[in-house]
Amino acid sequence: MKKQLLSIILALLPMLAMADDFGYCGDNVTYTFVSSTGTLLINGSGKMYNFHSPSTVSWTSYRENIKEVIIYDGVTSIGWHAFSGCSSLSSITIPGSVTSIENYAFYDCFSIQKVIVPDIAAWCGINFGEDYSNPFMYAHHIYSDENTEITDLDIPVGVTNIKESVFSECSGLTSVTIPNSVTSIGWNAFFDCTGLQKVIVPDIAAWCGITFGDNPLSEAHHIFSDENTEITDLVIPDGVTSIVDDTFGWCSSLKSVTIPNSVTSIGSYAFHGCKGLTCITIPNSVKSIGTFAFSDCSSLTSAIIGNKVTSIGNYAFDSCKDLTSVTIGNSVTSIGQHAFSRCSGLKSIYSMIENVLTINQNTFGDATYNNAKLYVPIGKKATYQSTDGWKNFANIEEFDVTNIAAQYRSKDARIVDVYKLNGQRSDDVRRGVNIIRMSDGTTRKVVVK
């Protein structure tokens, strides 16, 4: 230990000659203050002390004169109240050795303009205290060195976790690239990064498996496959089995989504707030749709829910105000509360359910119950009319379309797409059940015998 302390002192000798103050702020951590430049140097190894209040911090008597803090590699923590009240502090350098920053470390450091982070991979793993521990709450700008601001953030390949709050309030960021090594993004990791415009995701399959506490798309709203290629027509790669919670939430630039038959579940908030999305076909492989999965997709006009889906979560399609047509597959055994509430534009609901289940009366909104038409399998009208929830529909009809031309041809609309009931696109209307999407945004179900 004596040799270690000696080496620290020898390294600092040139600076000590100009120093106004020198001491310990950890068992093996020293500080040096140079008043001529307002620079505080922190060097050594291991943790800084946790100070119980600002008045107990080693440099409290001149804290308002500190303009720059440089922490050297080897220091592993920034303690409680370490820089609390350093009102003139404008720049701090934090090395990759720091693994934790404690509460109130940067309280009232309202002059910080630069946080210099030489090691982004290490920064992604820092544990922050709950209050005033992240300097970005004041600085809003991250630098790789004294002169180079990071606006296009590349998370290094190999990083697996982006921890809680690590880039919170870093409004200077305009883009972030997430590699396929990342498996989790912590709570508030990109909170209030108001400058974000791009989230670059080179590997969509890997993105679909991330555990999200926070999704940068909630700030950026635009997803890219590379620097120059925005994804508007999203194709989920074949082999993906689950689209997890929050995966594409708030990605308002998406216009269409193709989901392969390998997907078995769509998580909560998976496409929430995708305001550009116009239609969705959920294939037969999917068994569950999570809560709020497609809520607030305000441009969505049609939704086709495949025949293997058994549960539709609470608020799954809530507030899809332009939704005009919904097709519900025949395996559904549970439809959550408010699943289709505030869908004021709904005109047609095609239910393929033969074993009619009870639904809550708030599953659909009053406007839908009063104005939309519920189409049900032949021979099931009386059952729907006597079942809680469904019986609220003022207009219930049985459907068995044999005259195709009369059903979908009009002078105002043309056929855009034909789908099988399992969600697969078909080249023409075939015998059996056909889902036909029209150019006016409506969706028709046509049965050919």
# chains A, B, ... in the order shown; residues from 1 in each chain; ligands from 1
>>> residues_around(residues="segment 332-336 of chain A", least_positions_apart="2", cutoff="8 Å", atoms="only C-alpha atoms", output="JSON, numbers by chain")
{"A": [307, 308, 309, 310, 311, 312, 313, 314, 315, 316, 328, 329, 330, 338, 339, 353, 357, 359, 360, 363]}
>>> residues_around(residues="Thr30 of chain A", least_positions_apart="4", cutoff="8 Å", atoms="only C-alpha atoms", output="MDAnalysis selection string")
chainID A and resid 22:26 42:44
>>> residues_around(residues="segment 174-183 of chain A", least_positions_apart="4", cutoff="10 Å", atoms="only C-alpha atoms", output="JSON, numbers by chain")
{"A": [150, 151, 152, 153, 154, 155, 156, 157, 158, 159, 160, 161, 162, 170, 190, 193, 194, 195, 196, 197, 198, 199, 200, 201, 202, 203, 204, 205, 206, 207, 208, 209, 210, 211, 212, 216, 217, 220, 222, 223, 224, 225, 226, 227]}
>>> select_by_dssp(residues="segment 219-377 of chain A", states="helix (DSSP H, G or I)", output="PyMOL selection string")
chain A and resi 219-220+366-371
>>> closest_residue(among="A:Arg430, A:Lys114, A:Lys347, A:Lys391", to="Thr148 of chain A", atoms="only C-alpha atoms")
A:Lys114
>>> residues_around(residues="Gly213 of chain A", least_positions_apart="3", cutoff="9 Å", atoms="only C-alpha atoms", output="NGL selection string")
:A and (164 or 184-189 or 246)
>>> write_last_selection(atoms="N, CA, C and O atoms", output="PDB file, in the first residue's frame")
ATOM      1  N   GLU A 164     -29.836   1.774 -16.520  1.00  0.00           N
ATOM      2  CA  GLU A 164     -30.799   2.836 -16.223  1.00  0.00           C
ATOM      3  C   GLU A 164     -30.156   4.211 -16.264  1.00  0.00           C
ATOM      4  O   GLU A 164     -29.075   4.424 -15.702  1.00  0.00           O
ATOM      5  N   SER A 184     -30.644  -5.676 -23.294  1.00  0.00           N
ATOM      6  CA  SER A 184     -31.555  -4.913 -22.433  1.00  0.00           C
ATOM      7  C   SER A 184     -31.190  -3.437 -22.432  1.00  0.00           C
ATOM      8  O   SER A 184     -30.011  -3.070 -22.534  1.00  0.00           O
ATOM      9  N   ILE A 185     -32.224  -2.617 -22.349  1.00  0.00           N
ATOM     10  CA  ILE A 185     -32.064  -1.169 -22.234  1.00  0.00           C
ATOM     11  C   ILE A 185     -32.840  -0.740 -20.998  1.00  0.00           C
ATOM     12  O   ILE A 185     -34.050  -0.954 -20.904  1.00  0.00           O
ATOM     13  N   GLY A 186     -32.147  -0.154 -20.041  1.00  0.00           N
ATOM     14  CA  GLY A 186     -32.719   0.118 -18.736  1.00  0.00           C
ATOM     15  C   GLY A 186     -33.698   1.273 -18.703  1.00  0.00           C
ATOM     16  O   GLY A 186     -33.825   2.072 -19.641  1.00  0.00           O
ATOM     17  N   TRP A 187     -34.355   1.372 -17.577  1.00  0.00           N
ATOM     18  CA  TRP A 187     -35.355   2.406 -17.329  1.00  0.00           C
ATOM     19  C   TRP A 187     -34.725   3.792 -17.509  1.00  0.00           C
ATOM     20  O   TRP A 187     -33.673   4.091 -16.976  1.00  0.00           O
ATOM     21  N   ASN A 188     -35.409   4.648 -18.266  1.00  0.00           N
ATOM     22  CA  ASN A 188     -34.985   6.039 -18.477  1.00  0.00           C
ATOM     23  C   ASN A 188     -33.605   6.172 -19.124  1.00  0.00           C
ATOM     24  O   ASN A 188     -32.968   7.236 -19.036  1.00  0.00           O
ATOM     25  N   ALA A 189     -33.146   5.135 -19.789  1.00  0.00           N
ATOM     26  CA  ALA A 189     -31.810   5.185 -20.400  1.00  0.00           C
ATOM     27  C   ALA A 189     -31.685   6.324 -21.404  1.00  0.00           C
ATOM     28  O   ALA A 189     -30.614   6.928 -21.544  1.00  0.00           O
ATOM     29  N   ASP A 246     -42.831  -3.258 -26.033  1.00  0.00           N
ATOM     30  CA  ASP A 246     -42.257  -1.937 -26.377  1.00  0.00           C
ATOM     31  C   ASP A 246     -41.341  -1.929 -27.594  1.00  0.00           C
ATOM     32  O   ASP A 246     -40.711  -0.905 -27.883  1.00  0.00           O
TER      33      ASP A 246
END
>>> residues_around(residues="segment 231-233 of chain A", least_positions_apart="4", cutoff="6 Å", atoms="only C-alpha atoms", output="JSON, numbers by chain")
{"A": [223, 224, 253, 254, 255, 256, 257]}
>>> residues_around(residues="segment 275-287 of chain A", least_positions_apart="4", cutoff="8 Å", atoms="only C-alpha atoms", output="MDAnalysis selection string")
chainID A and resid 250:266 296:311 422:424
>>> write_last_selection(atoms="C-alpha atoms", output="PDB file, in the first residue's frame")
ATOM      1  CA  TRP A 250     -43.863   5.272 -30.714  1.00  0.00           C
ATOM      2  CA  CYS A 251     -42.223   4.597 -34.092  1.00  0.00           C
ATOM      3  CA  SER A 252     -44.573   6.925 -35.928  1.00  0.00           C
ATOM      4  CA  SER A 253     -42.745   6.637 -39.270  1.00  0.00           C
ATOM      5  CA  LEU A 254     -43.772   2.990 -39.834  1.00  0.00           C
ATOM      6  CA  LYS A 255     -46.376   2.623 -42.568  1.00  0.00           C
ATOM      7  CA  SER A 256     -46.642  -1.155 -42.812  1.00  0.00           C
ATOM      8  CA  VAL A 257     -45.520  -4.231 -40.896  1.00  0.00           C
ATOM      9  CA  THR A 258     -45.113  -7.757 -42.220  1.00  0.00           C
ATOM     10  CA  ILE A 259     -45.148 -10.404 -39.493  1.00  0.00           C
ATOM     11  CA  PRO A 260     -43.892 -13.890 -40.410  1.00  0.00           C
ATOM     12  CA  ASN A 261     -45.538 -17.169 -39.431  1.00  0.00           C
ATOM     13  CA  SER A 262     -42.741 -17.863 -36.939  1.00  0.00           C
ATOM     14  CA  VAL A 263     -44.046 -15.205 -34.523  1.00  0.00           C
ATOM     15  CA  THR A 264     -46.208 -16.605 -31.720  1.00  0.00           C
ATOM     16  CA  SER A 265     -46.690 -13.545 -29.503  1.00  0.00           C
ATOM     17  CA  ILE A 266     -46.891  -9.783 -29.777  1.00  0.00           C
ATOM     18  CA  ASP A 296     -52.999   4.919 -30.511  1.00  0.00           C
ATOM     19  CA  CYS A 297     -52.136   3.770 -34.035  1.00  0.00           C
ATOM     20  CA  SER A 298     -54.255   6.640 -35.230  1.00  0.00           C
ATOM     21  CA  SER A 299     -53.891   5.974 -38.996  1.00  0.00           C
ATOM     22  CA  LEU A 300     -54.695   2.257 -38.776  1.00  0.00           C
ATOM     23  CA  THR A 301     -57.695   1.490 -40.979  1.00  0.00           C
ATOM     24  CA  SER A 302     -57.874  -2.294 -40.891  1.00  0.00           C
ATOM     25  CA  ALA A 303     -56.767  -5.102 -38.609  1.00  0.00           C
ATOM     26  CA  ILE A 304     -56.957  -8.784 -39.451  1.00  0.00           C
ATOM     27  CA  ILE A 305     -56.432 -11.073 -36.466  1.00  0.00           C
ATOM     28  CA  GLY A 306     -55.489 -14.629 -37.420  1.00  0.00           C
ATOM     29  CA  ASN A 307     -57.215 -17.852 -36.453  1.00  0.00           C
ATOM     30  CA  LYS A 308     -54.698 -18.994 -33.809  1.00  0.00           C
ATOM     31  CA  VAL A 309     -54.926 -15.900 -31.623  1.00  0.00           C
ATOM     32  CA  THR A 310     -56.534 -16.872 -28.317  1.00  0.00           C
ATOM     33  CA  SER A 311     -56.170 -13.651 -26.339  1.00  0.00           C
ATOM     34  CA  ASN A 422     -54.222 -16.919 -42.058  1.00  0.00           C
ATOM     35  CA  GLY A 423     -52.867 -13.542 -43.158  1.00  0.00           C
ATOM     36  CA  GLN A 424     -50.950 -14.735 -46.212  1.00  0.00           C
TER      37      GLN A 424
END
>>> closest_residue(among="A:Val356, A:Cys109, A:Leu173, A:Ala82", to="Thr56 of chain A", atoms="only C-alpha atoms")
A:Ala82
>>> residues_around(residues="segment 141-147 of chain A", least_positions_apart="3", cutoff="9 Å", atoms="only C-alpha atoms", output="ChimeraX atom specification")
/A:91,93,113-120,136,138,150-151,167,169-173
>>> write_last_selection(atoms="C-alpha atoms", output="PDB file, in the first residue's frame")
ATOM      1  CA  SER A  91     -16.573  20.299 -17.446  1.00  0.00           C
ATOM      2  CA  THR A  93     -14.005  13.908 -17.300  1.00  0.00           C
ATOM      3  CA  GLN A 113     -21.706  22.062 -20.178  1.00  0.00           C
ATOM      4  CA  LYS A 114     -19.479  19.074 -20.957  1.00  0.00           C
ATOM      5  CA  VAL A 115     -19.378  15.520 -19.712  1.00  0.00           C
ATOM      6  CA  ILE A 116     -16.279  13.914 -21.226  1.00  0.00           C
ATOM      7  CA  VAL A 117     -16.653  10.134 -21.524  1.00  0.00           C
ATOM      8  CA  PRO A 118     -13.653   8.436 -23.171  1.00  0.00           C
ATOM      9  CA  ASP A 119     -15.154   4.932 -22.818  1.00  0.00           C
ATOM     10  CA  ILE A 120     -18.779   4.599 -23.983  1.00  0.00           C
ATOM     11  CA  PHE A 136     -26.479  15.096 -18.007  1.00  0.00           C
ATOM     12  CA  TYR A 138     -27.423  19.823 -16.292  1.00  0.00           C
ATOM     13  CA  ILE A 150     -20.795  13.054 -29.577  1.00  0.00           C
ATOM     14  CA  THR A 151     -24.028  13.672 -31.459  1.00  0.00           C
ATOM     15  CA  PHE A 167     -27.997   8.884 -21.354  1.00  0.00           C
ATOM     16  CA  GLU A 169     -31.511  14.115 -20.651  1.00  0.00           C
ATOM     17  CA  CYS A 170     -28.602  14.050 -23.098  1.00  0.00           C
ATOM     18  CA  SER A 171     -30.436  16.269 -25.566  1.00  0.00           C
ATOM     19  CA  GLY A 172     -27.336  16.810 -27.732  1.00  0.00           C
ATOM     20  CA  LEU A 173     -27.681  13.306 -29.185  1.00  0.00           C
TER      21      LEU A 173
END
>>> select_by_dssp(residues="segment 167-403 of chain A", states="strand (DSSP E or B)", output="ChimeraX atom specification")
/A:175-177,184-185,198-200,211-212,223-226,229-230,233-235,242-243,256-258,265-266,279-282,288-289,302-305,311-312,325-328,334-335,340,348-351,364,373-376,395-398
>>> closest_residue(among="A:Thr229, A:Asn103, A:Ser218, A:Asn28", to="Asn127 of chain A", atoms="only C-alpha atoms")
A:Asn103
>>> closest_residue(among="A:Ser319, A:Thr387, A:Asn50, A:Thr39", to="Leu89 of chain A", atoms="only C-alpha atoms")
A:Thr39
>>> closest_atom_pairs(of="segment 313-358 of chain A", to="segment 364-371 of chain A", cutoff="10 Å", atoms="only C-alpha atoms", output="tab-separated table")
residue	atom	partner	partner_atom	distance
A:Tyr315	CA	A:Phe364	CA	9.9
A:Phe317	CA	A:Phe364	CA	9.9
A:Asp318	CA	A:Phe364	CA	8.9
A:Thr324	CA	A:Thr368	CA	10.0
A:Gln337	CA	A:Phe364	CA	8.3
A:His338	CA	A:Phe364	CA	6.2
A:Ala339	CA	A:Phe364	CA	6.8
A:Phe340	CA	A:Phe364	CA	4.9
A:Ser341	CA	A:Phe364	CA	4.6
A:Arg342	CA	A:Gly365	CA	5.7
A:Cys343	CA	A:Gly365	CA	7.0
A:Ser344	CA	A:Ala367	CA	6.0
A:Gly345	CA	A:Thr368	CA	7.7
A:Leu346	CA	A:Thr368	CA	6.0
A:Lys347	CA	A:Asn371	CA	6.8
A:Ser348	CA	A:Thr368	CA	8.9
A:Ile349	CA	A:Thr368	CA	9.3
>>> decode(residues="segment 27-56 of chain A", atoms="N, CA, C and O atoms", output="short mmCIF file (atom, residue, chain, number, x, y, z; two decimals), in the first residue's frame")
data_model
loop_
_atom_site.label_atom_id
_atom_site.label_comp_id
_atom_site.auth_asym_id
_atom_site.auth_seq_id
_atom_site.Cartn_x
_atom_site.Cartn_y
_atom_site.Cartn_z
N ASP A 27 -9.80 6.00 0.41
CA ASP A 27 -8.69 5.33 1.08
C ASP A 27 -7.43 5.35 0.23
O ASP A 27 -6.31 5.49 0.75
N ASN A 28 -7.62 5.18 -1.09
CA ASN A 28 -6.49 5.18 -2.01
C ASN A 28 -6.69 6.20 -3.12
O ASN A 28 -6.19 6.03 -4.24
N VAL A 29 -7.47 7.22 -2.83
CA VAL A 29 -7.80 8.24 -3.84
C VAL A 29 -7.41 9.61 -3.32
O VAL A 29 -7.76 9.97 -2.19
N THR A 30 -6.68 10.36 -4.12
CA THR A 30 -6.25 11.70 -3.71
C THR A 30 -6.89 12.76 -4.59
O THR A 30 -7.38 12.47 -5.69
N TYR A 31 -6.88 14.00 -4.08
CA TYR A 31 -7.36 15.12 -4.88
C TYR A 31 -6.31 16.22 -4.85
O TYR A 31 -5.57 16.38 -3.87
N THR A 32 -6.26 16.98 -5.93
CA THR A 32 -5.37 18.12 -6.04
C THR A 32 -6.15 19.27 -6.65
O THR A 32 -6.80 19.09 -7.70
N PHE A 33 -6.10 20.44 -6.03
CA PHE A 33 -6.80 21.60 -6.59
C PHE A 33 -5.80 22.66 -6.99
O PHE A 33 -4.91 23.04 -6.22
N VAL A 34 -5.94 23.13 -8.24
CA VAL A 34 -5.09 24.20 -8.78
C VAL A 34 -5.97 25.43 -8.98
O VAL A 34 -6.78 25.48 -9.90
N SER A 35 -5.82 26.40 -8.12
CA SER A 35 -6.73 27.55 -8.13
C SER A 35 -6.55 28.43 -9.35
O SER A 35 -7.50 29.09 -9.80
N SER A 36 -5.34 28.44 -9.92
CA SER A 36 -5.10 29.31 -11.08
C SER A 36 -5.95 28.94 -12.28
O SER A 36 -6.29 29.78 -13.11
N THR A 37 -6.30 27.66 -12.38
CA THR A 37 -7.15 27.19 -13.49
C THR A 37 -8.52 26.72 -13.01
O THR A 37 -9.40 26.45 -13.83
N GLY A 38 -8.69 26.61 -11.69
CA GLY A 38 -9.95 26.11 -11.15
C GLY A 38 -10.13 24.63 -11.41
O GLY A 38 -11.26 24.13 -11.50
N THR A 39 -9.01 23.90 -11.52
CA THR A 39 -9.05 22.47 -11.88
C THR A 39 -8.88 21.59 -10.65
O THR A 39 -7.95 21.79 -9.86
N LEU A 40 -9.79 20.63 -10.51
CA LEU A 40 -9.70 19.63 -9.44
C LEU A 40 -9.32 18.30 -10.07
O LEU A 40 -10.04 17.80 -10.96
N LEU A 41 -8.19 17.73 -9.65
CA LEU A 41 -7.71 16.45 -10.18
C LEU A 41 -7.93 15.36 -9.14
O LEU A 41 -7.58 15.54 -7.97
N ILE A 42 -8.52 14.25 -9.58
CA ILE A 42 -8.79 13.14 -8.66
C ILE A 42 -8.09 11.91 -9.22
O ILE A 42 -8.34 11.51 -10.36
N ASN A 43 -7.22 11.30 -8.41
CA ASN A 43 -6.37 10.22 -8.90
C ASN A 43 -6.28 9.11 -7.86
O ASN A 43 -6.59 9.32 -6.69
N GLY A 44 -5.91 7.93 -8.30
CA GLY A 44 -5.72 6.81 -7.38
C GLY A 44 -6.45 5.58 -7.85
O GLY A 44 -6.67 5.36 -9.04
N SER A 45 -6.86 4.75 -6.88
CA SER A 45 -7.57 3.52 -7.22
C SER A 45 -8.65 3.26 -6.17
O SER A 45 -8.49 3.58 -4.99
N GLY A 46 -9.75 2.67 -6.65
CA GLY A 46 -10.83 2.33 -5.75
C GLY A 46 -11.86 3.44 -5.61
O GLY A 46 -11.92 4.37 -6.42
N LYS A 47 -12.65 3.35 -4.55
CA LYS A 47 -13.79 4.23 -4.37
C LYS A 47 -13.42 5.56 -3.72
O LYS A 47 -12.53 5.63 -2.88
N MET A 48 -14.19 6.59 -4.12
CA MET A 48 -14.16 7.83 -3.38
C MET A 48 -14.99 7.64 -2.11
O MET A 48 -15.84 6.74 -2.01
N TYR A 49 -14.78 8.52 -1.14
CA TYR A 49 -15.61 8.51 0.06
C TYR A 49 -17.03 8.95 -0.29
O TYR A 49 -17.25 9.74 -1.21
N ASN A 50 -18.00 8.44 0.48
CA ASN A 50 -19.35 8.98 0.46
C ASN A 50 -19.43 10.05 1.55
O ASN A 50 -19.20 9.77 2.72
N PHE A 51 -19.75 11.28 1.14
CA PHE A 51 -19.83 12.39 2.07
C PHE A 51 -21.26 12.56 2.53
O PHE A 51 -22.19 12.57 1.72
N HIS A 52 -21.47 12.71 3.82
CA HIS A 52 -22.83 12.74 4.37
C HIS A 52 -23.58 14.02 4.03
O HIS A 52 -24.80 14.05 4.03
N SER A 53 -22.84 15.08 3.75
CA SER A 53 -23.47 16.35 3.37
C SER A 53 -22.44 17.16 2.60
O SER A 53 -21.23 16.89 2.66
N PRO A 54 -22.87 18.19 1.87
CA PRO A 54 -21.91 19.02 1.12
C PRO A 54 -20.84 19.64 2.02
O PRO A 54 -19.70 19.82 1.59
N SER A 55 -21.19 19.92 3.25
CA SER A 55 -20.24 20.59 4.15
C SER A 55 -19.10 19.68 4.59
O SER A 55 -18.09 20.16 5.11
N THR A 56 -19.25 18.38 4.40
CA THR A 56 -18.20 17.44 4.80
C THR A 56 -17.27 17.05 3.65
O THR A 56 -16.32 16.30 3.85
#
